[in-house]
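Asker: Below you'll find protein-v3.pdb; it's PDB, C-alpha atoms.
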```pdb
ATOM      1  CA  MET A   1     -55.498  58.603   1.931
ATOM      2  CA  LYS A   2     -57.199  58.323   5.277
ATOM      3  CA  SER A   3     -58.190  61.961   5.209
ATOM      4  CA  LEU A   4     -59.551  61.544   1.678
ATOM      5  CA  ILE A   5     -61.805  58.726   2.844
ATOM      6  CA  LEU A   6     -62.877  60.843   5.766
ATOM      7  CA  ILE A   7     -63.724  63.768   3.493
ATOM      8  CA  PHE A   8     -65.667  61.452   1.215
ATOM      9  CA  LEU A   9     -67.652  60.083   4.142
ATOM     10  CA  LEU A  10     -68.345  63.608   5.391
ATOM     11  CA  LEU A  11     -69.672  64.515   1.964
ATOM     12  CA  LEU A  12     -72.197  61.732   2.313
ATOM     13  CA  SER A  13     -73.587  63.145   5.554
ATOM     14  CA  PRO A  14     -76.337  65.258   3.924
ATOM     15  CA  LEU A  15     -77.802  61.987   2.683
ATOM     16  CA  ALA A  16     -78.221  60.736   6.240
ATOM     17  CA  ASN A  17     -81.890  61.602   6.512
ATOM     18  CA  ALA A  18     -84.298  59.732   8.685
ATOM     19  CA  VAL A  19     -85.444  56.664   6.770
ATOM     20  CA  ASP A  20     -88.668  54.785   7.318
ATOM     21  CA  ALA A  21     -89.677  51.755   5.323
ATOM     22  CA  TYR A  22     -93.087  52.999   4.307
ATOM     23  CA  GLN A  23     -95.033  51.403   1.497
ATOM     24  CA  PHE A  24     -97.038  53.629  -0.802
ATOM     25  CA  SER A  25    -100.019  52.780  -2.982
ATOM     26  CA  ASN A  26     -98.689  54.782  -5.910
ATOM     27  CA  PRO A  27     -95.794  57.080  -6.884
ATOM     28  CA  GLU A  28     -97.963  60.215  -6.545
ATOM     29  CA  GLN A  29     -98.690  59.327  -2.960
ATOM     30  CA  GLU A  30     -95.003  58.898  -2.279
ATOM     31  CA  ALA A  31     -94.295  62.263  -3.892
ATOM     32  CA  THR A  32     -96.948  63.938  -1.723
ATOM     33  CA  TYR A  33     -95.440  62.246   1.329
ATOM     34  CA  ASN A  34     -91.996  63.569   0.455
ATOM     35  CA  THR A  35     -93.285  67.111  -0.066
ATOM     36  CA  LEU A  36     -95.218  67.005   3.185
ATOM     37  CA  VAL A  37     -92.353  65.769   5.349
ATOM     38  CA  SER A  38     -90.127  68.482   3.920
ATOM     39  CA  GLU A  39     -92.724  71.197   4.608
ATOM     40  CA  LEU A  40     -93.526  70.297   8.190
ATOM     41  CA  ARG A  41     -91.308  71.490  10.987
ATOM     42  CA  CYS A  42     -90.122  69.177  13.698
ATOM     43  CA  LEU A  43     -91.173  70.925  16.894
ATOM     44  CA  VAL A  44     -88.548  69.314  19.079
ATOM     45  CA  CYS A  45     -85.580  70.164  16.883
ATOM     46  CA  GLN A  46     -86.916  73.397  15.545
ATOM     47  CA  ASN A  47     -84.632  73.940  12.614
ATOM     48  CA  GLN A  48     -85.276  70.616  10.959
ATOM     49  CA  THR A  49     -88.174  69.303   8.948
ATOM     50  CA  ILE A  50     -89.855  66.146  10.155
ATOM     51  CA  GLY A  51     -88.296  64.469   7.117
ATOM     52  CA  ASP A  52     -84.778  65.341   8.303
ATOM     53  CA  SER A  53     -85.182  64.667  11.962
ATOM     54  CA  ASN A  54     -84.629  61.523  13.939
ATOM     55  CA  ALA A  55     -86.536  62.820  16.939
ATOM     56  CA  GLU A  56     -89.297  60.542  18.160
ATOM     57  CA  LEU A  57     -91.956  63.161  17.608
ATOM     58  CA  ALA A  58     -90.809  63.577  14.002
ATOM     59  CA  ALA A  59     -91.092  59.828  13.472
ATOM     60  CA  ASP A  60     -94.596  59.860  14.964
ATOM     61  CA  LEU A  61     -95.608  62.739  12.734
ATOM     62  CA  ARG A  62     -94.235  60.944   9.668
ATOM     63  CA  ARG A  63     -96.277  57.905  10.655
ATOM     64  CA  GLN A  64     -99.299  60.185  10.984
ATOM     65  CA  VAL A  65     -98.710  61.692   7.516
ATOM     66  CA  HIS A  66     -98.278  58.234   6.007
ATOM     67  CA  GLU A  67    -101.428  56.880   7.659
ATOM     68  CA  MET A  68    -103.503  59.835   6.547
ATOM     69  CA  LEU A  69    -102.259  59.445   2.975
ATOM     70  CA  GLN A  70    -103.184  55.769   3.081
ATOM     71  CA  GLN A  71    -106.645  56.801   4.238
ATOM     72  CA  GLY A  72    -106.898  58.880   1.086
ATOM     73  CA  LYS A  73    -106.503  62.279   2.748
ATOM     74  CA  SER A  74    -105.282  65.116   0.536
ATOM     75  CA  LYS A  75    -102.175  67.215   1.136
ATOM     76  CA  ASP A  76    -104.290  70.171   2.295
ATOM     77  CA  GLU A  77    -106.257  68.028   4.714
ATOM     78  CA  ILE A  78    -103.038  66.782   6.292
ATOM     79  CA  LEU A  79    -101.577  70.293   6.543
ATOM     80  CA  GLN A  80    -104.826  71.428   8.139
ATOM     81  CA  PHE A  81    -104.692  68.534  10.612
ATOM     82  CA  MET A  82    -101.181  69.563  11.645
ATOM     83  CA  THR A  83    -101.958  73.292  11.887
ATOM     84  CA  GLU A  84    -105.021  72.622  14.032
ATOM     85  CA  ARG A  85    -102.759  70.855  16.488
ATOM     86  CA  TYR A  86     -99.433  72.624  16.311
ATOM     87  CA  GLY A  87    -100.349  76.025  14.867
ATOM     88  CA  ASP A  88     -98.794  77.792  11.874
ATOM     89  CA  PHE A  89     -95.432  77.212  13.483
ATOM     90  CA  VAL A  90     -95.410  73.662  12.155
ATOM     91  CA  LEU A  91     -95.435  74.944   8.561
ATOM     92  CA  TYR A  92     -92.187  75.908   6.884
ATOM     93  CA  ASN A  93     -94.295  77.813   4.421
ATOM     94  CA  PRO A  94     -96.777  79.636   6.646
ATOM     95  CA  PRO A  95     -99.809  81.379   5.143
ATOM     96  CA  PHE A  96     -99.813  85.152   4.895
ATOM     97  CA  LYS A  97    -102.047  86.634   7.580
ATOM     98  CA  ALA A  98    -102.007  89.334  10.247
ATOM     99  CA  LYS A  99    -100.024  87.190  12.670
ATOM    100  CA  THR A 100     -97.383  86.162  10.158
ATOM    101  CA  GLY A 101     -97.304  89.556   8.398
ATOM    102  CA  LEU A 102     -94.065  90.633  10.051
ATOM    103  CA  LEU A 103     -92.462  87.356   9.038
ATOM    104  CA  TRP A 104     -93.312  87.851   5.380
ATOM    105  CA  LEU A 105     -92.938  91.619   5.100
ATOM    106  CA  GLY A 106     -89.982  92.064   7.464
ATOM    107  CA  PRO A 107     -87.242  90.931   5.055
ATOM    108  CA  VAL A 108     -88.756  92.911   2.155
ATOM    109  CA  THR A 109     -88.936  96.024   4.326
ATOM    110  CA  PHE A 110     -85.311  95.627   5.355
ATOM    111  CA  LEU A 111     -84.285  95.111   1.727
ATOM    112  CA  ILE A 112     -86.087  98.317   0.703
ATOM    113  CA  ILE A 113     -84.510 100.244   3.592
ATOM    114  CA  GLY A 114     -81.121  98.891   2.527
ATOM    115  CA  VAL A 115     -81.518  99.799  -1.132
ATOM    116  CA  VAL A 116     -82.787 103.291  -0.315
ATOM    117  CA  THR A 117     -79.901 103.859   2.085
ATOM    118  CA  VAL A 118     -77.335 102.736  -0.463
ATOM    119  CA  LEU A 119     -78.906 104.944  -3.157
ATOM    120  CA  LEU A 120     -78.933 107.980  -0.881
ATOM    121  CA  PHE A 121     -75.363 107.311   0.154
ATOM    122  CA  VAL A 122     -74.132 106.927  -3.414
ATOM    123  CA  ARG A 123     -75.923 110.100  -4.504
ATOM    124  CA  ARG A 124     -74.435 112.093  -1.682
ATOM    125  CA  LYS A 125     -70.944 110.781  -2.424
ATOM    126  CA  LYS A 126     -71.276 111.959  -6.024
ATOM    127  CA  THR A 127     -72.198 115.502  -5.053
ATOM    128  CA  ILE A 128     -69.348 115.674  -2.565
ATOM    129  CA  VAL A 129     -66.691 115.110  -5.287
ATOM    130  CA  PRO A 130     -64.771 118.409  -5.303
ATOM    131  CA  VAL A 131     -64.936 120.670  -8.313
ATOM    132  CA  ASN A 132     -61.644 120.885 -10.192
ATOM    133  CA  THR A 133     -59.601 123.798  -9.047
ATOM    134  CA  GLU A 134     -56.870 125.491 -11.010
ATOM    135  CA  GLY A 135     -54.226 123.387  -9.284
ATOM    136  CA  ASP A 136     -55.948 120.136 -10.172
ATOM    137  CA  VAL A 137     -56.197 121.064 -13.812
ATOM    138  CA  GLU A 138     -52.484 121.752 -13.903
ATOM    139  CA  LYS A 139     -51.655 118.475 -12.163
ATOM    140  CA  LEU A 140     -53.878 116.562 -14.562
ATOM    141  CA  ALA A 141     -52.153 118.141 -17.527
ATOM    142  CA  ALA A 142     -48.787 117.157 -15.999
ATOM    143  CA  VAL A 143     -49.914 113.563 -15.572
ATOM    144  CA  ARG A 144     -51.182 113.398 -19.137
ATOM    145  CA  ARG A 145     -47.887 114.741 -20.417
ATOM    146  CA  LEU A 146     -45.995 112.102 -18.450
ATOM    147  CA  LEU A 147     -48.200 109.352 -19.798
ATOM    148  CA  THR A 148     -47.891 110.425 -23.419
ATOM    149  CA  ASP A 149     -44.106 110.756 -23.024
ATOM    150  CA  LYS A 150     -43.898 107.216 -21.704
ATOM    151  CA  ASN A 151     -46.030 105.919 -24.561
ATOM    152  CA  SER A 152     -43.935 107.623 -27.195
ATOM    153  CA  GLU A 153     -40.754 106.156 -25.701
ATOM    154  CA  ASN A 154     -42.013 102.641 -26.353
TER     155      ASN A 154
ATOM    156  CA  MET B   1     -75.591 115.973  13.780
ATOM    157  CA  LEU B   2     -78.016 113.865  11.725
ATOM    158  CA  LYS B   3     -75.042 111.734  10.802
ATOM    159  CA  PHE B   4     -74.875 110.496  14.390
ATOM    160  CA  ILE B   5     -78.545 110.455  15.245
ATOM    161  CA  ILE B   6     -79.670 108.134  12.447
ATOM    162  CA  PRO B   7     -77.195 105.330  13.221
ATOM    163  CA  LEU B   8     -77.950 105.793  16.921
ATOM    164  CA  ILE B   9     -81.696 105.352  16.316
ATOM    165  CA  LEU B  10     -81.038 102.328  14.108
ATOM    166  CA  PHE B  11     -78.814 100.848  16.783
ATOM    167  CA  ILE B  12     -81.413 101.387  19.482
ATOM    168  CA  VAL B  13     -84.169  99.823  17.362
ATOM    169  CA  LEU B  14     -81.952  96.827  16.611
ATOM    170  CA  ALA B  15     -80.933  96.493  20.261
ATOM    171  CA  VAL B  16     -84.571  96.583  21.395
ATOM    172  CA  PHE B  17     -85.510  93.869  18.890
ATOM    173  CA  LEU B  18     -82.577  91.685  19.901
ATOM    174  CA  ALA B  19     -83.323  92.197  23.595
ATOM    175  CA  MET B  20     -86.920  91.140  22.996
ATOM    176  CA  GLY B  21     -85.619  88.116  21.130
ATOM    177  CA  LEU B  22     -83.503  87.136  24.116
ATOM    178  CA  LYS B  23     -86.510  87.159  26.391
ATOM    179  CA  LEU B  24     -88.657  85.051  24.086
ATOM    180  CA  ASN B  25     -88.685  81.331  24.604
ATOM    181  CA  PRO B  26     -88.513  79.645  21.189
ATOM    182  CA  ARG B  27     -90.104  76.537  22.719
ATOM    183  CA  ASP B  28     -93.108  78.501  23.882
ATOM    184  CA  ILE B  29     -95.187  78.053  20.779
ATOM    185  CA  PRO B  30     -98.660  79.562  21.058
ATOM    186  CA  SER B  31    -101.122  76.693  21.234
ATOM    187  CA  PRO B  32    -103.890  76.792  18.656
ATOM    188  CA  PHE B  33    -105.997  74.882  21.180
ATOM    189  CA  ILE B  34    -106.822  77.655  23.631
ATOM    190  CA  ASP B  35    -110.618  78.058  23.863
ATOM    191  CA  LYS B  36    -111.166  75.049  21.614
ATOM    192  CA  PRO B  37    -112.760  71.779  22.726
ATOM    193  CA  ALA B  38    -110.173  69.292  23.955
ATOM    194  CA  PRO B  39    -109.597  66.394  21.535
ATOM    195  CA  THR B  40    -111.498  63.331  22.621
ATOM    196  CA  PHE B  41    -109.757  60.174  23.747
ATOM    197  CA  SER B  42    -110.528  56.840  25.271
ATOM    198  CA  ALA B  43    -107.401  55.207  26.617
ATOM    199  CA  PRO B  44    -106.438  52.456  29.065
ATOM    200  CA  LYS B  45    -105.603  53.497  32.603
ATOM    201  CA  LEU B  46    -102.023  52.990  33.688
ATOM    202  CA  ASN B  47    -102.823  51.136  36.885
ATOM    203  CA  THR B  48    -105.757  49.125  35.562
ATOM    204  CA  PRO B  49    -105.155  48.679  31.830
ATOM    205  CA  THR B  50    -108.412  46.787  31.358
ATOM    206  CA  GLU B  51    -110.339  49.936  32.258
ATOM    207  CA  LYS B  52    -110.543  52.897  29.960
ATOM    208  CA  LEU B  53    -110.911  56.572  30.658
ATOM    209  CA  SER B  54    -112.549  58.822  28.101
ATOM    210  CA  THR B  55    -113.021  62.561  27.859
ATOM    211  CA  GLN B  56    -116.716  61.993  28.423
ATOM    212  CA  ASP B  57    -115.995  60.713  31.967
ATOM    213  CA  LEU B  58    -114.420  64.039  32.864
ATOM    214  CA  LYS B  59    -117.261  66.306  31.743
ATOM    215  CA  GLY B  60    -118.682  68.612  34.374
ATOM    216  CA  GLN B  61    -115.459  69.199  36.267
ATOM    217  CA  VAL B  62    -112.375  71.331  35.831
ATOM    218  CA  TRP B  63    -109.292  69.191  35.311
ATOM    219  CA  LEU B  64    -105.604  69.489  34.657
ATOM    220  CA  PHE B  65    -104.219  67.297  31.918
ATOM    221  CA  ASN B  66    -100.535  66.779  32.609
ATOM    222  CA  VAL B  67     -98.357  65.075  30.017
ATOM    223  CA  TRP B  68     -95.507  63.160  31.649
ATOM    224  CA  ALA B  69     -93.078  60.303  31.104
ATOM    225  CA  SER B  70     -90.540  58.470  33.211
ATOM    226  CA  TRP B  71     -87.832  59.305  30.644
ATOM    227  CA  CYS B  72     -88.524  63.019  30.867
ATOM    228  CA  VAL B  73     -85.969  64.925  32.908
ATOM    229  CA  SER B  74     -88.028  68.080  33.447
ATOM    230  CA  CYS B  75     -90.907  65.926  34.690
ATOM    231  CA  ARG B  76     -88.756  64.879  37.619
ATOM    232  CA  GLU B  77     -88.246  68.546  38.418
ATOM    233  CA  GLU B  78     -91.982  69.165  38.191
ATOM    234  CA  HIS B  79     -93.082  66.099  40.117
ATOM    235  CA  PRO B  80     -92.723  67.362  43.736
ATOM    236  CA  ILE B  81     -94.811  70.395  42.808
ATOM    237  CA  LEU B  82     -97.545  68.199  41.357
ATOM    238  CA  ASN B  83     -97.466  66.155  44.568
ATOM    239  CA  GLN B  84     -98.017  69.350  46.545
ATOM    240  CA  LEU B  85    -100.917  70.363  44.304
ATOM    241  CA  ALA B  86    -102.466  66.940  44.701
ATOM    242  CA  LYS B  87    -102.408  67.379  48.480
ATOM    243  CA  GLN B  88    -104.307  70.652  48.148
ATOM    244  CA  LYS B  89    -107.015  68.790  46.212
ATOM    245  CA  ALA B  90    -107.821  71.994  44.327
ATOM    246  CA  VAL B  91    -108.387  70.255  41.033
ATOM    247  CA  VAL B  92    -108.592  66.847  39.381
ATOM    248  CA  ILE B  93    -105.226  65.970  37.840
ATOM    249  CA  VAL B  94    -105.247  63.536  34.946
ATOM    250  CA  GLY B  95    -101.889  62.274  33.731
ATOM    251  CA  LEU B  96    -101.061  61.348  30.168
ATOM    252  CA  ASN B  97     -98.220  58.876  30.362
ATOM    253  CA  TYR B  98     -96.674  59.761  27.019
ATOM    254  CA  LYS B  99     -94.602  57.244  25.036
ATOM    255  CA  ASP B 100     -93.519  55.358  28.110
ATOM    256  CA  GLU B 101     -93.117  51.782  29.273
ATOM    257  CA  PRO B 102     -95.941  50.998  31.726
ATOM    258  CA  ALA B 103     -93.513  49.219  34.078
ATOM    259  CA  ASP B 104     -91.163  52.234  34.172
ATOM    260  CA  ALA B 105     -94.091  54.578  34.643
ATOM    261  CA  LYS B 106     -95.503  52.590  37.568
ATOM    262  CA  LYS B 107     -92.094  52.396  39.207
ATOM    263  CA  TRP B 108     -91.754  56.162  38.867
ATOM    264  CA  LEU B 109     -95.092  56.755  40.602
ATOM    265  CA  ASP B 110     -94.255  54.235  43.320
ATOM    266  CA  THR B 111     -90.950  55.862  44.159
ATOM    267  CA  LEU B 112     -91.784  59.535  43.635
ATOM    268  CA  GLY B 113     -95.436  59.568  44.655
ATOM    269  CA  ASN B 114     -98.571  59.654  42.555
ATOM    270  CA  PRO B 115    -100.150  63.095  42.219
ATOM    271  CA  TYR B 116    -102.624  61.921  39.579
ATOM    272  CA  ASN B 117    -106.245  61.044  40.198
ATOM    273  CA  VAL B 118    -105.717  58.819  37.214
ATOM    274  CA  SER B 119    -103.098  58.372  34.497
ATOM    275  CA  ILE B 120    -103.820  57.061  31.042
ATOM    276  CA  MET B 121    -101.373  55.409  28.690
ATOM    277  CA  ASP B 122    -100.344  56.766  25.317
ATOM    278  CA  GLN B 123     -97.603  54.394  24.325
ATOM    279  CA  ASP B 124     -97.546  55.237  20.628
ATOM    280  CA  GLY B 125     -98.005  58.979  21.136
ATOM    281  CA  ARG B 126    -101.275  59.321  19.219
ATOM    282  CA  ILE B 127    -103.166  61.135  21.955
ATOM    283  CA  GLY B 128    -100.085  63.340  22.253
ATOM    284  CA  ILE B 129    -100.303  64.281  18.577
ATOM    285  CA  ASN B 130    -104.006  65.047  18.940
ATOM    286  CA  PHE B 131    -103.201  67.431  21.762
ATOM    287  CA  GLY B 132    -100.305  68.969  19.817
ATOM    288  CA  VAL B 133     -97.781  67.784  22.396
ATOM    289  CA  TYR B 134     -94.184  68.484  21.408
ATOM    290  CA  GLY B 135     -92.316  68.897  24.657
ATOM    291  CA  VAL B 136     -92.951  66.964  27.836
ATOM    292  CA  PRO B 137     -94.069  68.067  30.409
ATOM    293  CA  GLU B 138     -97.070  69.977  29.171
ATOM    294  CA  THR B 139    -100.116  70.936  31.175
ATOM    295  CA  PHE B 140    -103.584  71.764  29.871
ATOM    296  CA  VAL B 141    -106.332  73.383  31.913
ATOM    297  CA  ILE B 142    -109.702  72.043  30.777
ATOM    298  CA  ASP B 143    -113.034  73.464  31.909
ATOM    299  CA  LYS B 144    -116.348  71.802  32.802
ATOM    300  CA  LYS B 145    -117.503  71.853  29.187
ATOM    301  CA  GLY B 146    -114.345  70.115  28.024
ATOM    302  CA  VAL B 147    -112.805  73.241  26.500
ATOM    303  CA  ILE B 148    -109.050  73.858  26.800
ATOM    304  CA  ARG B 149    -108.652  77.187  28.564
ATOM    305  CA  ASP B 150    -104.889  77.372  28.871
ATOM    306  CA  LYS B 151    -101.767  75.384  28.191
ATOM    307  CA  TYR B 152     -98.268  75.471  29.662
ATOM    308  CA  THR B 153     -95.201  73.942  28.094
ATOM    309  CA  GLY B 154     -92.432  72.907  30.456
ATOM    310  CA  PRO B 155     -92.542  72.176  34.172
ATOM    311  CA  VAL B 156     -95.227  73.743  36.331
ATOM    312  CA  THR B 157     -93.565  75.915  38.954
ATOM    313  CA  ILE B 158     -94.917  77.161  42.269
ATOM    314  CA  GLU B 159     -95.048  80.710  40.861
ATOM    315  CA  LEU B 160     -96.918  79.569  37.769
ATOM    316  CA  TRP B 161     -99.358  77.625  39.916
ATOM    317  CA  GLN B 162    -100.001  80.396  42.418
ATOM    318  CA  GLN B 163    -100.055  83.316  40.013
ATOM    319  CA  THR B 164    -101.694  81.834  36.952
ATOM    320  CA  ILE B 165    -103.086  78.335  37.153
ATOM    321  CA  LEU B 166    -104.839  78.421  40.529
ATOM    322  CA  PRO B 167    -106.681  81.724  39.874
ATOM    323  CA  LEU B 168    -107.781  80.354  36.500
ATOM    324  CA  ILE B 169    -109.024  77.118  38.066
ATOM    325  CA  THR B 170    -110.943  78.990  40.749
ATOM    326  CA  LYS B 171    -112.561  81.104  38.058
ATOM    327  CA  LEU B 172    -113.435  78.081  35.949
ATOM    328  CA  GLN B 173    -114.857  76.150  38.892
ATOM    329  CA  ALA B 174    -117.280  79.010  39.468
ATOM    330  CA  GLU B 175    -118.571  78.712  35.897
ATOM    331  CA  SER B 176    -121.639  76.612  35.269
ATOM    332  CA  ALA B 177    -121.178  73.291  33.539
TER     333      ALA B 177
END
```
Could you quickly redo this structure as structure tokens?

Answerer:
Amino acid sequence: MKSLILIFLLLLSPLANAVDAYQFSNPEQEATYNTLVSELRCLVCQNQTIGDSNAELAADLRRQVHEMLQQGKSKDEILQFMTERYGDFVLYNPPFKAKTGLLWLGPVTFLIIGVVTVLLFVRRKKTIVPVNTEGDVEKLAAVRRLLTDKNSEN
Amino acid sequence: MLKFIIPLILFIVLAVFLAMGLKLNPRDIPSPFIDKPAPTFSAPKLNTPTEKLSTQDLKGQVWLFNVWASWCVSCREEHPILNQLAKQKAVVIVGLNYKDEPADAKKWLDTLGNPYNVSIMDQDGRIGINFGVYGVPETFVIDKKGVIRDKYTGPVTIELWQQTILPLITKLQAESA
């Protein structure tokens, strides 16, 4: 029983996000806030968004996002504000440009290399299959005979 | 023969990439601020909170902007070096006391020495955000026109000072305001 409770509690852990009691003027604003905090990277704990993180900097950045929304700033204006200060690194969805080219094209390139390699490999394997020799033909015939005999017995 | 060479080349390429990855510091994020005007601020001084220091007051001189806090472990490591630099009087050092308690900050300067010409307070971290601060200590080199010319994340070391920061400061001090 104890372990069951423990498992249940562990299952709840993904819900343990950082929570601030922010008031929003309207539901759209709250939705924008939620998108923004899940798109901005926490620079202290680099593999978390500022929405997930309990780091002080993340809390400050959430406050900043909230304040800017209250001032009527748009999503793009806030993203621009953050990029001007922290660079593209702060974005979990960085724009495609020369500097981030490798980031965007790298995985695709590797996928293509992988697919091509597999295709080449499979092709080569096919051609390597040995041509039936006399002996093989005889063996095959023997196997077929055995199989048909078995079937007829049943 | 090709059978061995191709995997060997792939392995070498992979090894080179991984080796480069090992050398990179994931915390060393390129600052978008280099060669951009420093964000403006006007903030109370740590020792005389009724007085304010603004970016305007610092125009016409080269200054170091060092972000520090009494809770920051690496700052303690960096502090003796800053004290040494202060003795050399090569450059004006302005401290940004980031998200700190003024009492703790003053105690820190009293016990460890005060390398700063002046420190300003940023208790809620807003100036920090404007400067894109994410890891204390950070040090900005700002020229006579108020433009950020370089930025270092993490403690300033003697090597960094002698090989990089000091030559840069000397160069900047020769520039006209």

Asker: Please produce, as a Markdown table, a per-residue contact table for chain A versus chain B (criterion: any atom at most 6 Å away, all atoms listed in the file considered), showing the nearest atom pair and its distance in Å to one decimal, sorted by chain then residue number.

Answerer:
```
| residue | atom | partner | partner_atom | distance |
| --- | --- | --- | --- | --- |
| A:Leu43 | CA | B:Tyr134 | CA | 5.9 |
| A:Arg85 | CA | B:Gly132 | CA | 4.5 |
| A:Tyr86 | CA | B:Gly132 | CA | 5.1 |
| A:Gly87 | CA | B:Pro32 | CA | 5.2 |
```

Asker: One decimal, in Å: what's the spacing between atom CA of B:Ala69 and atom CA of B:Tyr98?

Answerer: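 Going from atom CA of B:Ala69 over to atom CA of B:Tyr98, I get 5.5 Å.
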
Asker: So which residues touch stretch 82-90 of chain B within 7 Å, counting all atoms listed in the file, skipping near sequence neighbours fewer than 4 positions away, as a list in words?

Answerer: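 With the cut-off at 7 Å, the set is Glu78, Gly113, Asn114 and Pro115 of chain B.
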
Asker: Rounded to one decimal in Å, what is the spacing between atom CA of B:Gln163 and atom CA of B:Asn117?

Answerer: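 Taking atom CA of B:Gln163 as the start and atom CA of B:Asn117 as the end point, the length is 23.1 Å.
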
Asker: Can you spell out as a list in words the set of residues that the PyMOL selection byres ((chain B and resi 119) around 6) selects in the structure I just provided?

Answerer: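 So the PyMOL selection byres ((chain B and resi 119) around 6) ends up selecting Lys45, Leu46, Val94, Gly95, Leu96, Val118 and Ile120 of chain B.
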
Asker: Suppose a student applies the PyMOL selection byres ((chain A and resi 41) around 8) to this structure; what residues should they get, written as number ranges by chain?

Answerer: A: 38-40, 42-43, 46-50, 89-92

Asker: Can you give me, as a list of chain:residue names, the residues this file yields under the PyMOL selection byres ((chain B and resi 144) around 9)?

Answerer: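 When the PyMOL selection byres ((chain B and resi 144) around 9) is applied, the selected residues are B:Leu58, B:Lys59, B:Gly60, B:Gln61, B:Val62, B:Trp63, B:Ile142, B:Asp143, B:Lys145, B:Gly146, B:Val147, B:Leu172, B:Gln173, B:Glu175, B:Ser176, B:Ala177.
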
Asker: List every protein, DNA or RNA residue with an atom no more than 9 Å from (-112.0, 56.6, 31.2) in the file's coordinates, counting all atoms listed in the file, and format the result as an NGL selection string.

Answerer: :B and (41-45 or 51-58 or 118 or 120)

Asker: Write the residues you've just listed into a file as a PDB file, in the frame of the given file, and include C-alpha atoms for each of them.

Answerer:
```pdb
ATOM      1  CA  PHE B  41    -109.757  60.174  23.747  1.00  0.00           C
ATOM      2  CA  SER B  42    -110.528  56.840  25.271  1.00  0.00           C
ATOM      3  CA  ALA B  43    -107.401  55.207  26.617  1.00  0.00           C
ATOM      4  CA  PRO B  44    -106.438  52.456  29.065  1.00  0.00           C
ATOM      5  CA  LYS B  45    -105.603  53.497  32.603  1.00  0.00           C
ATOM      6  CA  GLU B  51    -110.339  49.936  32.258  1.00  0.00           C
ATOM      7  CA  LYS B  52    -110.543  52.897  29.960  1.00  0.00           C
ATOM      8  CA  LEU B  53    -110.911  56.572  30.658  1.00  0.00           C
ATOM      9  CA  SER B  54    -112.549  58.822  28.101  1.00  0.00           C
ATOM     10  CA  THR B  55    -113.021  62.561  27.859  1.00  0.00           C
ATOM     11  CA  GLN B  56    -116.716  61.993  28.423  1.00  0.00           C
ATOM     12  CA  ASP B  57    -115.995  60.713  31.967  1.00  0.00           C
ATOM     13  CA  LEU B  58    -114.420  64.039  32.864  1.00  0.00           C
ATOM     14  CA  VAL B 118    -105.717  58.819  37.214  1.00  0.00           C
ATOM     15  CA  ILE B 120    -103.820  57.061  31.042  1.00  0.00           C
TER      16      ILE B 120
END
```

Asker: If I take atom CA of A:Met82 and atom CA of B:Val141, how far is one from the other in Å, to one decimal?

Answerer: 21.3 Å

Asker: Name all residues at most 12 Å from stretch 27-35 of chain A (count all atoms listed in the file; drop same-chain ones fewer than 2 positions away) and give them as a ChimeraX atom specification.

Answerer: /A:17-25,37-40,49-52,61-76,78-79,91-93

Asker: Save the residues we just selected, C-alpha atoms, as a compact mmCIF listing (two decimals), in the frame of the given file?

Answerer:
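Result went into out_6.txt, see below:
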```txt
# COMPACT_ATOMS: atom_id res chain seq x y z
CA ASN A 17 -81.89 61.60 6.51
CA ALA A 18 -84.30 59.73 8.68
CA VAL A 19 -85.44 56.66 6.77
CA ASP A 20 -88.67 54.78 7.32
CA ALA A 21 -89.68 51.76 5.32
CA TYR A 22 -93.09 53.00 4.31
CA GLN A 23 -95.03 51.40 1.50
CA PHE A 24 -97.04 53.63 -0.80
CA SER A 25 -100.02 52.78 -2.98
CA VAL A 37 -92.35 65.77 5.35
CA SER A 38 -90.13 68.48 3.92
CA GLU A 39 -92.72 71.20 4.61
CA LEU A 40 -93.53 70.30 8.19
CA THR A 49 -88.17 69.30 8.95
CA ILE A 50 -89.86 66.15 10.15
CA GLY A 51 -88.30 64.47 7.12
CA ASP A 52 -84.78 65.34 8.30
CA LEU A 61 -95.61 62.74 12.73
CA ARG A 62 -94.24 60.94 9.67
CA ARG A 63 -96.28 57.90 10.66
CA GLN A 64 -99.30 60.18 10.98
CA VAL A 65 -98.71 61.69 7.52
CA HIS A 66 -98.28 58.23 6.01
CA GLU A 67 -101.43 56.88 7.66
CA MET A 68 -103.50 59.84 6.55
CA LEU A 69 -102.26 59.44 2.98
CA GLN A 70 -103.18 55.77 3.08
CA GLN A 71 -106.64 56.80 4.24
CA GLY A 72 -106.90 58.88 1.09
CA LYS A 73 -106.50 62.28 2.75
CA SER A 74 -105.28 65.12 0.54
CA LYS A 75 -102.18 67.22 1.14
CA ASP A 76 -104.29 70.17 2.30
CA ILE A 78 -103.04 66.78 6.29
CA LEU A 79 -101.58 70.29 6.54
CA LEU A 91 -95.44 74.94 8.56
CA TYR A 92 -92.19 75.91 6.88
CA ASN A 93 -94.30 77.81 4.42
```

Asker: Skipping near chain neighbours, those fewer than 2 positions away, what residues fall within 8 Å of B:Pro137 using only C-alpha atoms, listed as a ChimeraX atom specification?

Answerer: /B:66-69,72,74-75,135,139,153-155
